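Reproduced below: entry.tsv, with TSV, C-alpha atoms and all ligand atoms.
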chain	number	residue	atom	x	y	z
N	1	MET	CA	-27.28	42.92	36.41
N	2	PRO	CA	-26.06	45.14	33.58
N	3	GLU	CA	-24.79	48.55	34.68
N	4	VAL	CA	-27.22	51.45	34.27
N	5	PHE	CA	-26.39	55.16	34.05
N	6	THR	CA	-28.77	57.42	36.00
N	7	GLY	CA	-27.44	60.93	35.19
N	8	SER	CA	-29.13	63.51	32.95
N	9	PHE	CA	-27.61	64.41	29.59
N	10	THR	CA	-29.27	67.82	29.69
N	11	GLN	CA	-28.42	68.88	33.25
N	12	GLN	CA	-25.81	71.64	33.29
N	13	GLU	CA	-24.01	72.83	36.39
N	14	PRO	CA	-25.67	75.40	38.64
N	15	ILE	CA	-24.82	79.06	38.11
N	16	PRO	CA	-21.79	79.89	40.30
N	17	GLU	CA	-22.52	81.71	43.58
N	18	ALA	CA	-20.50	84.77	42.50
N	19	ALA	CA	-22.70	85.06	39.41
N	20	ILE	CA	-25.88	84.72	41.48
N	21	GLU	CA	-24.66	87.49	43.79
N	22	ALA	CA	-23.81	89.74	40.84
N	23	ALA	CA	-27.25	89.10	39.35
N	24	VAL	CA	-28.96	89.94	42.65
N	25	ALA	CA	-26.97	93.18	42.86
N	26	VAL	CA	-28.23	94.20	39.41
N	27	MET	CA	-31.81	93.40	40.42
N	28	ARG	CA	-31.40	95.41	43.65
N	29	HIS	CA	-30.38	98.56	41.77
N	30	GLY	CA	-32.84	97.86	38.96
N	31	ARG	CA	-30.70	99.14	36.07
N	32	LEU	CA	-31.11	96.11	33.82
N	33	HIS	CA	-30.96	97.89	30.47
N	34	ARG	CA	-27.37	98.12	29.26
N	35	TYR	CA	-27.54	101.88	28.72
N	36	ASN	CA	-29.20	102.58	32.07
N	37	THR	CA	-26.12	103.60	34.04
N	38	VAL	CA	-25.38	106.28	36.62
N	39	PRO	CA	-22.57	108.78	35.90
N	40	GLY	CA	-19.20	107.09	36.00
N	41	GLU	CA	-20.68	103.59	36.07
N	42	VAL	CA	-19.51	100.91	33.62
N	43	GLY	CA	-22.50	98.63	33.07
N	44	GLU	CA	-22.20	94.86	33.31
N	45	VAL	CA	-22.66	94.41	29.55
N	46	ALA	CA	-19.94	96.91	28.62
N	47	ALA	CA	-17.56	95.27	31.13
N	48	LEU	CA	-18.41	91.79	29.84
N	49	GLU	CA	-17.67	92.85	26.26
N	50	GLU	CA	-14.23	94.10	27.26
N	51	GLU	CA	-13.52	90.87	29.08
N	52	PHE	CA	-14.74	88.74	26.19
N	53	ALA	CA	-12.57	90.66	23.73
N	54	ALA	CA	-9.60	90.06	26.03
N	55	VAL	CA	-10.30	86.32	26.31
N	56	THR	CA	-10.66	85.80	22.54
N	57	GLY	CA	-8.00	88.31	21.49
N	58	ALA	CA	-10.51	90.19	19.32
N	59	ARG	CA	-10.25	93.97	19.04
N	60	TYR	CA	-13.98	94.49	19.45
N	61	ALA	CA	-16.82	92.54	21.06
N	62	LEU	CA	-20.58	93.02	21.21
N	63	ALA	CA	-22.90	91.10	23.53
N	64	VAL	CA	-26.32	90.32	22.05
N	65	ALA	CA	-29.59	88.53	22.77
N	66	SER	CA	-28.66	85.16	21.24
N	67	GLY	CA	-26.18	83.30	19.07
N	68	GLY	CA	-28.70	83.25	16.25
N	69	TYR	CA	-29.07	87.03	16.55
N	70	ALA	CA	-25.27	87.39	16.29
N	71	LEU	CA	-25.27	85.36	13.06
N	72	GLY	CA	-27.99	87.49	11.47
N	73	CYS	CA	-26.33	90.68	12.66
N	74	ALA	CA	-23.02	89.55	11.13
N	75	LEU	CA	-24.66	89.01	7.75
N	76	ARG	CA	-26.45	92.36	7.91
N	77	ALA	CA	-23.20	94.10	8.85
N	78	LEU	CA	-21.61	92.52	5.78
N	79	GLY	CA	-24.42	93.90	3.63
N	80	VAL	CA	-25.85	90.51	2.64
N	81	SER	CA	-29.06	91.22	0.77
N	82	ALA	CA	-32.23	89.43	-0.25
N	83	GLY	CA	-31.71	86.71	-2.83
N	84	GLU	CA	-27.96	86.50	-2.23
N	85	ALA	CA	-26.39	83.05	-1.89
N	86	VAL	CA	-24.61	82.42	1.42
N	87	LEU	CA	-22.53	79.26	1.76
N	88	THR	CA	-22.72	77.23	4.94
N	89	ASN	CA	-22.08	73.73	6.26
N	90	ALA	CA	-24.77	71.13	5.56
N	91	PHE	CA	-23.96	69.72	9.02
N	92	THR	CA	-25.04	72.50	11.34
N	93	LEU	CA	-27.89	73.58	13.59
N	94	ALA	CA	-31.14	75.20	12.46
N	95	PRO	CA	-30.30	78.79	13.62
N	96	VAL	CA	-27.51	78.95	11.00
N	97	PRO	CA	-29.57	78.54	7.82
N	98	GLY	CA	-32.33	80.35	9.72
N	99	ALA	CA	-30.18	83.47	10.13
N	100	ILE	CA	-29.46	83.43	6.38
N	101	ALA	CA	-33.10	82.90	5.44
N	102	ALA	CA	-34.25	85.65	7.84
N	103	LEU	CA	-32.52	88.17	5.56
N	104	GLY	CA	-34.25	86.77	2.52
N	105	ALA	CA	-30.86	85.38	1.48
N	106	ARG	CA	-30.38	81.84	0.22
N	107	PRO	CA	-28.51	79.19	2.24
N	108	VAL	CA	-26.32	77.04	-0.01
N	109	PHE	CA	-25.15	73.92	1.77
N	110	VAL	CA	-21.67	72.48	1.45
N	111	GLU	CA	-20.86	68.78	1.85
N	112	THR	CA	-19.58	67.26	5.08
N	113	LEU	CA	-16.53	65.00	5.39
N	114	PRO	CA	-16.50	61.92	7.65
N	115	ASP	CA	-14.53	63.95	10.23
N	116	LEU	CA	-17.60	66.28	10.34
N	117	THR	CA	-15.77	69.27	8.86
N	118	ILE	CA	-16.61	71.14	5.67
N	119	ASP	CA	-15.62	69.58	2.32
N	120	MET	CA	-13.30	72.21	0.84
N	121	ASP	CA	-13.42	70.82	-2.69
N	122	HIS	CA	-17.18	71.08	-2.68
N	123	LEU	CA	-16.92	74.53	-1.09
N	124	ALA	CA	-14.76	75.75	-3.98
N	125	GLN	CA	-17.18	74.25	-6.49
N	126	ARG	CA	-20.27	75.81	-4.89
N	127	ALA	CA	-18.52	79.18	-4.44
N	128	ARG	CA	-17.73	79.28	-8.17
N	129	GLU	CA	-21.21	78.14	-9.18
N	130	THR	CA	-23.10	80.60	-6.97
N	131	GLY	CA	-20.75	83.59	-6.91
N	132	ALA	CA	-21.31	83.77	-3.14
N	133	ARG	CA	-19.32	86.39	-1.19
N	134	VAL	CA	-19.80	84.95	2.29
N	135	LEU	CA	-19.15	81.61	3.95
N	136	MET	CA	-20.91	81.12	7.26
N	137	LEU	CA	-18.60	78.48	8.66
N	138	SER	CA	-20.20	76.43	11.41
N	139	HIS	CA	-17.78	74.64	13.73
N	140	MET	CA	-20.58	72.19	14.38
N	141	ARG	CA	-20.18	70.08	17.54
N	142	GLY	CA	-16.78	71.67	17.99
N	143	HIS	CA	-15.07	70.06	14.98
N	144	VAL	CA	-12.64	72.59	13.52
N	145	CYS	CA	-11.51	72.12	9.92
N	146	ASP	CA	-7.95	72.85	8.75
N	147	MET	CA	-8.24	76.60	9.26
N	148	ASP	CA	-4.95	77.39	7.51
N	149	ARG	CA	-6.15	75.68	4.36
N	150	LEU	CA	-9.64	77.15	4.62
N	151	VAL	CA	-8.44	80.72	5.08
N	152	ALA	CA	-6.15	80.40	2.03
N	153	LEU	CA	-8.93	78.85	-0.05
N	154	CYS	CA	-11.46	81.53	0.92
N	155	ALA	CA	-8.95	84.25	0.07
N	156	ASP	CA	-8.60	82.67	-3.38
N	157	LEU	CA	-12.35	82.43	-3.80
N	158	GLY	CA	-13.01	85.97	-2.55
N	159	LEU	CA	-15.12	84.62	0.31
N	160	LYS	CA	-15.47	86.42	3.64
N	161	ILE	CA	-15.71	84.02	6.57
N	162	VAL	CA	-18.24	84.46	9.38
N	163	GLU	CA	-17.45	81.88	12.05
N	164	ASP	CA	-20.24	80.20	13.98
N	165	CYS	CA	-18.41	79.42	17.22
N	166	ALA	CA	-21.45	78.22	19.17
N	167	HIS	CA	-19.53	74.99	19.96
N	168	THR	CA	-15.96	76.31	19.88
N	169	MET	CA	-15.90	79.06	22.50
N	170	GLY	CA	-12.53	78.33	24.17
N	171	ALA	CA	-11.22	76.10	21.36
N	172	ARG	CA	-8.09	76.80	19.30
N	173	TRP	CA	-6.56	75.94	15.94
N	174	ARG	CA	-2.75	75.87	16.05
N	175	GLY	CA	-2.94	77.96	19.20
N	176	ILE	CA	-5.20	80.63	17.67
N	177	PRO	CA	-8.58	80.99	19.40
N	178	SER	CA	-11.56	79.81	17.38
N	179	GLY	CA	-13.24	82.87	15.92
N	180	ARG	CA	-10.02	84.68	15.03
N	181	HIS	CA	-9.81	83.44	11.42
N	182	GLY	CA	-12.87	85.10	9.89
N	183	VAL	CA	-13.99	88.72	9.60
N	184	ILE	CA	-16.66	88.19	12.27
N	185	ALA	CA	-17.19	85.44	14.83
N	186	CYS	CA	-20.46	84.60	16.57
N	187	TYR	CA	-20.90	82.81	19.89
N	188	SER	CA	-23.86	81.63	21.94
N	189	THR	CA	-24.36	81.73	25.71
N	190	GLN	CA	-27.52	79.67	25.59
N	191	THR	CA	-27.81	77.07	28.37
N	192	TYR	CA	-26.34	74.17	26.36
N	193	LYS	CA	-23.21	76.02	25.23
N	194	HIS	CA	-19.98	76.88	27.06
N	195	LEU	CA	-21.32	79.81	29.08
N	196	ASN	CA	-24.88	79.82	30.43
N	197	SER	CA	-27.13	82.87	30.60
N	198	GLY	CA	-30.22	81.03	29.39
N	199	GLU	CA	-30.11	82.99	26.14
N	200	GLY	CA	-27.39	85.27	24.86
N	201	GLY	CA	-24.50	85.61	22.46
N	202	PHE	CA	-21.47	87.54	21.26
N	203	LEU	CA	-20.15	88.90	18.04
N	204	THR	CA	-16.46	89.76	17.69
N	205	SER	CA	-14.45	91.44	14.94
N	206	ASP	CA	-11.28	93.41	14.33
N	207	ASP	CA	-12.92	95.53	11.63
N	208	PRO	CA	-14.04	98.97	12.89
N	209	GLY	CA	-16.62	99.47	10.13
N	210	LEU	CA	-18.20	96.05	10.60
N	211	MET	CA	-18.29	96.42	14.37
N	212	ALA	CA	-19.77	99.92	14.21
N	213	ARG	CA	-22.52	98.53	11.98
N	214	ALA	CA	-23.11	95.57	14.29
N	215	ILE	CA	-23.38	97.83	17.34
N	216	LEU	CA	-25.84	100.15	15.60
N	217	LEU	CA	-27.83	97.19	14.29
N	218	SER	CA	-28.03	95.67	17.78
N	219	GLY	CA	-30.01	98.71	18.94
N	220	SER	CA	-27.49	101.18	20.38
N	221	TYR	CA	-29.45	104.28	19.33
N	222	MET	CA	-26.96	107.17	19.73
N	223	LEU	CA	-25.49	105.61	22.88
N	224	TYR	CA	-22.73	103.66	21.13
N	225	GLY	CA	-20.20	105.82	22.98
N	226	ARG	CA	-20.96	103.75	26.09
N	227	HIS	CA	-19.44	100.67	24.50
N	228	ARG	CA	-15.85	99.99	25.53
N	229	ALA	CA	-14.76	97.06	23.34
N	230	ALA	CA	-15.79	99.16	20.35
N	231	PRO	CA	-14.29	101.34	17.62
N	232	PRO	CA	-13.96	105.10	18.28
N	233	PRO	CA	-16.93	107.46	17.62
N	234	GLU	CA	-15.56	108.42	14.17
N	235	ALA	CA	-16.34	104.89	12.96
N	236	PHE	CA	-20.04	105.59	13.57
N	237	ALA	CA	-20.13	109.03	11.95
N	238	ASP	CA	-22.02	108.23	8.72
N	239	LEU	CA	-23.17	104.76	9.61
N	240	ARG	CA	-25.44	105.99	12.37
N	241	TYR	CA	-27.75	107.57	9.80
N	242	ARG	CA	-27.67	104.61	7.45
N	243	THR	CA	-27.92	101.61	9.75
N	244	PRO	CA	-31.33	100.31	10.84
N	245	ASN	CA	-31.99	99.37	14.46
N	246	VAL	CA	-32.72	95.63	14.68
N	247	SER	CA	-32.89	95.38	18.46
N	248	GLY	CA	-31.03	92.43	19.94
N	249	ARG	CA	-29.14	93.83	22.91
N	250	MET	CA	-27.96	91.88	25.93
N	251	ASP	CA	-29.12	93.14	29.34
N	252	ASN	CA	-27.09	93.74	32.52
N	253	LEU	CA	-28.66	90.79	34.32
N	254	ARG	CA	-27.37	88.24	31.84
N	255	ALA	CA	-24.02	89.96	31.61
N	256	ALA	CA	-23.71	89.81	35.40
N	257	ILE	CA	-24.32	86.05	35.27
N	258	LEU	CA	-21.77	85.60	32.49
N	259	ARG	CA	-18.79	87.54	33.83
N	260	PRO	CA	-17.84	85.11	36.63
N	261	GLN	CA	-18.39	82.21	34.22
N	262	LEU	CA	-16.11	83.76	31.62
N	263	ALA	CA	-13.38	84.05	34.25
N	264	ARG	CA	-13.36	80.26	34.63
N	265	LEU	CA	-13.98	79.35	30.98
N	266	ALA	CA	-10.53	77.87	30.36
N	267	ASP	CA	-10.84	75.50	33.34
N	268	GLN	CA	-14.33	74.45	32.28
N	269	CYS	CA	-13.11	73.72	28.75
N	270	ALA	CA	-10.32	71.54	30.12
N	271	ASP	CA	-12.88	69.66	32.24
N	272	TRP	CA	-15.10	69.07	29.20
N	273	THR	CA	-12.23	67.74	27.17
N	274	ALA	CA	-11.16	65.39	29.97
N	275	ARG	CA	-14.69	63.95	29.86
N	276	TYR	CA	-14.51	63.63	26.09
N	277	ARG	CA	-11.20	61.81	26.33
N	278	ALA	CA	-12.63	59.43	28.94
N	279	VAL	CA	-15.48	58.45	26.59
N	280	GLU	CA	-13.11	58.20	23.63
N	281	TYR	CA	-10.74	55.96	25.61
N	282	GLY	CA	-13.61	53.67	26.57
N	283	LEU	CA	-14.94	53.38	23.02
N	284	ARG	CA	-11.67	52.90	21.15
N	285	GLY	CA	-11.55	49.56	19.35
N	286	THR	CA	-15.30	48.86	19.60
N	287	PRO	CA	-16.21	46.63	16.63
N	288	GLY	CA	-18.37	48.45	14.05
N	289	LEU	CA	-17.84	51.85	15.70
N	290	ALA	CA	-15.77	54.60	14.04
N	291	LEU	CA	-14.28	57.30	16.27
N	292	ILE	CA	-13.71	60.75	14.87
N	293	GLU	CA	-9.98	61.33	15.14
N	294	ARG	CA	-9.08	64.86	16.22
N	295	PRO	CA	-6.18	66.62	14.51
N	296	GLU	CA	-3.25	67.62	16.68
N	297	ALA	CA	-3.61	71.28	15.65
N	298	GLU	CA	-7.13	71.34	17.08
N	299	ALA	CA	-7.50	72.19	20.78
N	300	PHE	CA	-11.20	71.37	20.97
N	301	VAL	CA	-13.75	71.69	23.76
N	302	GLY	CA	-15.30	68.27	24.32
N	303	SER	CA	-18.76	69.38	25.42
N	304	SER	CA	-20.32	66.73	23.20
N	305	PHE	CA	-19.20	63.43	21.68
N	306	GLN	CA	-19.83	62.00	18.21
N	307	PHE	CA	-19.09	58.63	16.68
N	308	ARG	CA	-20.17	56.89	13.49
N	309	LEU	CA	-21.79	53.56	12.77
N	310	ASP	CA	-20.77	53.55	9.11
N	311	GLY	CA	-22.83	51.42	6.76
N	312	TRP	CA	-25.21	50.21	9.49
N	313	GLU	CA	-28.81	49.59	8.54
N	314	ALA	CA	-31.30	52.00	10.11
N	315	ASP	CA	-33.17	49.38	12.13
N	316	ARG	CA	-29.94	48.11	13.70
N	317	ILE	CA	-28.98	51.65	14.69
N	318	GLY	CA	-32.47	51.94	16.19
N	319	GLU	CA	-31.74	48.78	18.16
N	320	VAL	CA	-28.51	50.29	19.56
N	321	ILE	CA	-30.40	53.45	20.56
N	322	ARG	CA	-33.12	51.44	22.32
N	323	ARG	CA	-30.67	49.21	24.15
N	324	ALA	CA	-28.52	52.15	25.27
N	325	ALA	CA	-31.63	54.10	26.36
N	326	ALA	CA	-32.77	51.12	28.45
N	327	ARG	CA	-29.48	51.51	30.33
N	328	GLY	CA	-29.84	55.28	30.75
N	329	VAL	CA	-27.65	56.44	27.85
N	330	GLU	CA	-29.37	58.92	25.55
N	331	LEU	CA	-27.91	58.68	22.04
N	332	LYS	CA	-28.99	61.17	19.39
N	333	TRP	CA	-28.95	60.06	15.79
N	334	PHE	CA	-28.46	62.50	12.92
N	335	GLY	CA	-29.61	59.85	10.44
N	336	ALA	CA	-33.16	59.59	11.82
N	337	PRO	CA	-35.75	60.03	9.09
N	338	GLU	CA	-37.59	62.72	11.06
N	339	PRO	CA	-35.86	65.52	13.00
N	340	VAL	CA	-36.15	65.03	16.77
N	341	ALA	CA	-35.62	67.70	19.46
N	342	PHE	CA	-32.50	69.75	18.60
N	343	THR	CA	-31.34	67.19	16.04
N	344	SER	CA	-32.33	68.55	12.66
N	345	ARG	CA	-30.63	67.96	9.33
N	346	TYR	CA	-30.21	69.99	6.18
N	347	ASP	CA	-32.91	68.18	4.23
N	348	SER	CA	-35.50	69.10	6.88
N	349	TRP	CA	-35.00	72.82	6.09
N	350	HIS	CA	-37.41	72.82	3.16
N	351	TYR	CA	-37.55	76.65	2.99
N	352	ALA	CA	-33.94	76.56	1.79
N	353	ALA	CA	-34.78	74.09	-1.02
N	354	PRO	CA	-31.66	72.06	-0.27
N	355	GLU	CA	-30.12	69.90	-2.96
N	356	ARG	CA	-29.26	66.31	-2.10
N	357	LEU	CA	-25.75	65.98	-0.74
N	358	PRO	CA	-24.70	62.33	-1.04
N	359	GLY	CA	-21.50	62.74	0.99
N	360	THR	CA	-23.32	64.38	3.89
N	361	ASP	CA	-26.14	61.84	3.69
N	362	ALA	CA	-23.64	59.00	4.02
N	363	VAL	CA	-22.00	60.62	7.06
N	364	LEU	CA	-25.26	61.56	8.81
N	365	ALA	CA	-26.78	58.12	8.20
N	366	GLY	CA	-24.50	56.63	10.85
N	367	LEU	CA	-23.75	59.68	12.99
N	368	MET	CA	-24.40	59.39	16.72
N	369	ASP	CA	-24.21	62.22	19.21
N	370	MET	CA	-24.13	62.65	22.99
N	371	ARG	CA	-23.89	65.70	25.18
N	372	LEU	CA	-21.27	65.62	27.94
N	373	PRO	CA	-22.41	68.14	30.57
N	374	LEU	CA	-19.98	69.00	33.36
N	375	THR	CA	-22.39	67.44	35.85
N	376	PHE	CA	-20.95	64.10	34.61
N	377	SER	CA	-17.94	62.81	36.52
N	378	LEU	CA	-15.05	61.09	34.75
N	379	GLY	CA	-16.41	57.87	36.24
N	380	ASP	CA	-19.80	58.59	34.66
N	381	CYS	CA	-18.07	59.03	31.31
N	382	ALA	CA	-16.27	55.70	31.65
N	383	LEU	CA	-19.59	54.04	32.54
N	384	ILE	CA	-21.34	55.62	29.54
N	385	ALA	CA	-18.56	54.35	27.29
N	386	ARG	CA	-18.86	50.80	28.75
N	387	ILE	CA	-22.60	50.81	28.08
N	388	VAL	CA	-22.26	52.11	24.51
N	389	ARG	CA	-19.42	49.72	23.81
N	390	ALA	CA	-21.38	46.74	25.07
N	391	GLU	CA	-24.59	47.57	23.20
N	392	VAL	CA	-22.88	48.48	19.91
N	393	SER	CA	-20.84	45.26	20.10
N	394	THR	CA	-23.90	43.14	20.87
N	395	VAL	CA	-25.93	44.49	17.96
N	396	PHE	CA	-22.91	44.42	15.64
N	397	GLN	CA	-22.12	40.80	16.41
N	398	SER	CA	-25.76	39.71	16.08
N	399	GLY	CA	-25.89	40.83	12.45
R	401	LIG	C1	-26.91	77.03	19.53
R	401	LIG	C2	-26.35	77.23	18.20
R	401	LIG	C3	-26.46	78.43	17.51
R	401	LIG	C4	-27.33	79.59	17.92
R	401	LIG	O1	-27.37	79.89	19.21
R	401	LIG	P1	-28.68	80.44	19.97
R	401	LIG	O2	-28.03	81.23	21.05
R	401	LIG	O3	-29.45	79.27	20.44
R	401	LIG	O4	-29.45	81.30	19.02
R	401	LIG	C5	-25.81	78.55	16.30
R	401	LIG	N1	-25.09	77.54	15.78
R	401	LIG	C6	-24.97	76.36	16.39
R	401	LIG	C7	-24.16	75.29	15.76
R	401	LIG	C8	-25.60	76.16	17.61
R	401	LIG	O5	-25.51	74.97	18.21
In C-alpha cells, write the structure found in this file.
Ligand SMILES: *Cc1c(COP(=O)(O)O)cnc(C)c1O
Amino acid sequence: MPEVFTGSFTQQEPIPEAAIEAAVAVMRHGRLHRYNTVPGEVGEVAALEEEFAAVTGARYALAVASGGYALGCALRALGVSAGEAVLTNAFTLAPVPGAIAALGARPVFVETLPDLTIDMDHLAQRARETGARVLMLSHMRGHVCDMDRLVALCADLGLKIVEDCAHTMGARWRGIPSGRHGVIACYSTQTYKHLNSGEGGFLTSDDPGLMARAILLSGSYMLYGRHRAAPPPEAFADLRYRTPNVSGRMDNLRAAILRPQLARLADQCADWTARYRAVEYGLRGTPGLALIERPEAEAFVGSSFQFRLDGWEADRIGEVIRRAAARGVELKWFGAPEPVAFTSRYDSWHYAAPERLPGTDAVLAGLMDMRLPLTFSLGDCALIARIVRAEVSTVFQSG
C-alpha cells in the first residue's frame, strides 16, 4: 500500500488560550473600537502597534484592517496618483496589483528570476521606460531578493520601495528584519499568514510625515494623539486638514488576539522553517525536480514550499498533481491555464493590461507550491516529501 497523507494544507493552529482570554476580556468590557478607551487606558490596538514596532525595529507602526489596505494606504501616503506607473513583481498575489489599481494607478510588472525574486535588470529597464517613482516589492512566498543590491539600484533609479511583507513577517536579510529596507513596509495578519486575526495588517515606517499621513488616512479623525508608535502631534499639524479619511482601522478584538501571537512569533517562524527544511531534505536529488536554493544572507520563514518542474509539459505536470492528490498531497501549480483558488498569475489581471513576460512565463510554467501549516509535524513533512518525490520520479521516468 502506498503511503497516504491525511492532514489538511489549510488548517492553521488554534488561537492560543491567552489570546482567547484577551479577546473575551475585550468583549466583556465592550470597547472594541480602538479609540473607545477609558481615561488612562491604553487600548489593545495602540499596545499592539508599540509591540510590533519593537519586534520589527521600526520607529512607527500602524495596525489596519488588512494587508491589502496597508498596501493601498502606503501608496496614498506616498502621494501616488491616478495614471501613475507603479512597478511591482509579476510573481505576486492579487491584492498587490489590486492596491495599485484601486488608486487608479497603473501596475507595471517586472520579470521573475528562477529563484522567484525580482529581475533587477528588467526592473532598471522598466523604471527608465516608465519614469515610475515607486516600487512595490513583493517578497512573494517569502523569497527575499539581494536587498543590498536592490536598495542601491533603487537609489540610483530614484525609486522609493514599499515592501510587501505578507510572507516575510519574521524573516531577515543579512540580519536586518524584512520590511526595514524600504520607506514603508506592509504586513498581513490574515489567517494564512504568520499571525492570525482572520483579517488584519500592519504598516511600518521610520518617516514621520509618511506615518502621520498613513494614520490620518486609516481613519484616526482628530484622535491620532492616542497612537503610541506614532510621530509627535506636530507631524500632523497641516496634514490633518489635507488628508482624506479612508477608513481601515484595526479593532481592539483583533489586536487582543494578535498580541500573544506576536510574543511567540520568533518561535513560530523557527518551527515553520524546520518544516521547510524537512521537505527540502526529502526532495533533494529528485530527478526532474529543481529546488529553489536559498541564499545564506536570507533568514526566511518557511511557511510555504516551492519547487520547479522546469521544461515539463503541462499534461505531465497535471499527472503529478493528480497522483499526489490521490495520496493526500495538495500541490498548487502557478502554470495552470486558469487561475484556481488563491493561485492567480499576472496575465489573469486583465485590468492592468499586462505585457507578456517571457522570463516569468517560463518560471511559472513549472512552478509548484505547497503550504506548510504548523499543524504539520516534522514527520508529516517527511511523508509529504516522500510522496512528492515518488510521484515526480514516476512521471518523470515514464516520459
Ligand atoms: C495575503 C497577501 C497580501 C494581502 O493581504 P490581505 O491581508 O489578505 O489583504 C498581500 N501580498 C501578498 C503576497 C499576500 O499573500
Assuming 3 Å of padding per side, give the centre and edge lengths of the axis-aligned box around every listed atom of ligand LIG 401 (chain R), in Å to one decimal and as JSON.
{"center_x": -26.8, "center_y": 78.1, "center_z": 18.4, "size_x": 11.3, "size_y": 12.3, "size_z": 11.3}
Could you build a table of the residues in chain N lying no more than 7 Å from ligand LIG 401 (chain R), giving for each the nearest pair of atoms and their separation in Å rounded to one decimal place, using all atoms listed in the file, ordered by chain and ascending residue number, as CSV?
residue,atom,partner,partner_atom,distance
N:Ser66,CA,R:LIG401,O2,4.0
N:Gly67,CA,R:LIG401,O2,3.4
N:Gly68,CA,R:LIG401,O4,3.5
N:Tyr69,CA,R:LIG401,O4,6.3
N:Thr92,CA,R:LIG401,C7,5.3
N:Leu93,CA,R:LIG401,C7,4.6
N:Pro95,CA,R:LIG401,C5,5.2
N:Val96,CA,R:LIG401,N1,5.5
N:Ser138,CA,R:LIG401,C7,6.0
N:His139,CA,R:LIG401,C7,6.7
N:Met140,CA,R:LIG401,C7,4.9
N:Arg141,CA,R:LIG401,C7,6.8
N:Asp164,CA,R:LIG401,N1,5.8
N:Ala166,CA,R:LIG401,C6,4.9
N:His167,CA,R:LIG401,O5,6.2
N:Ser188,CA,R:LIG401,O2,4.3
N:Thr189,CA,R:LIG401,O2,6.0
N:Gln190,CA,R:LIG401,O2,4.8
N:Lys193,CA,R:LIG401,C1,6.9
N:Glu199,CA,R:LIG401,O2,5.8
N:Gly200,CA,R:LIG401,O2,5.6
N:Gly201,CA,R:LIG401,O2,5.8
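Every protein or nucleic acid residue with an atom no more than 12 Å from Ala155 (chain N), counting only C-alpha atoms and leaving out same-chain residues fewer than 2 positions away, appears here: Ala124, Ala127, Arg133, Val134, Leu135, Met147, Asp148, Arg149, Leu150, Val151, Ala152, Leu153, Leu157, Gly158, Leu159, Lys160, Ile161, His181, Gly182 and Val183 of chain N.
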Pro244 (chain N) environment, 12 Å, all atoms listed in the file, sequence neighbours closer than 3 positions dropped, as a list in words: Cys73, Arg76, Ala77, Gly79, Arg213, Ala214, Ile215, Leu216, Leu217, Ser218, Gly219, Ser220, Tyr221, Leu239, Arg240, Tyr241 and Ser247 of chain N
Hey, can you check how far CA of Ala352 (chain N) sits from CA of Gly72 (chain N)? 15.8 Å
Here's a test: counting only C-alpha atoms, identify every protein, DNA and RNA residue with an atom at most 12 Å from (-5.7, 95.5, 15.9) in the file's coordinate frame, and state them as a list in words. Ala53, Gly57, Ala58, Arg59, Tyr60, Arg180, Ser205, Asp206, Asp207, Pro208, Ala229, Ala230 and Pro231 of chain N
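Using all atoms listed in the file, the smallest distance between any of N:Ser81, N:Glu298, N:Leu75, N:Ala256 and Ala25 (chain N) comes from N:Ala256.
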Neighbourhood query: residues within 12 Å of (-29.1, 48.6, 25.3), file coordinates, counting all atoms listed in the file; return as a ChimeraX atom specification. /N:2-5,316-331,384,386-395
Calculated over only C-alpha atoms, which of the candidates N:Gln11, N:Gln125, N:Thr273, N:Thr286 has the smallest distance to Ser304 (chain N)? N:Thr273
To one decimal place, how far is CA of Leu309 (chain N) from CA of Arg275 (chain N) in Å?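 Separation of CA of Leu309 (chain N) and CA of Arg275 (chain N): 21.2 Å.
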Take CA of Ile20 (chain N) and CA of Tyr187 (chain N) and report the distance between them in Å, one decimal. 22.2 Å
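Closest approach to Gly311 (chain N) from the set N:Pro358, N:Gly43, N:Gly366, N:Pro287 is made by N:Gly366, with distances taken over only C-alpha atoms.
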Please list as a count of residues only every residue within 6 Å of Ala171 (chain N), counting all atoms listed in the file and excluding residues in the same chain fewer than 4 positions away. 5
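Nearest to Thr56 (chain N) of all the residues N:Ala274, N:Ala22, N:Ala212, N:Leu262 is N:Leu262, counting all atoms listed in the file.
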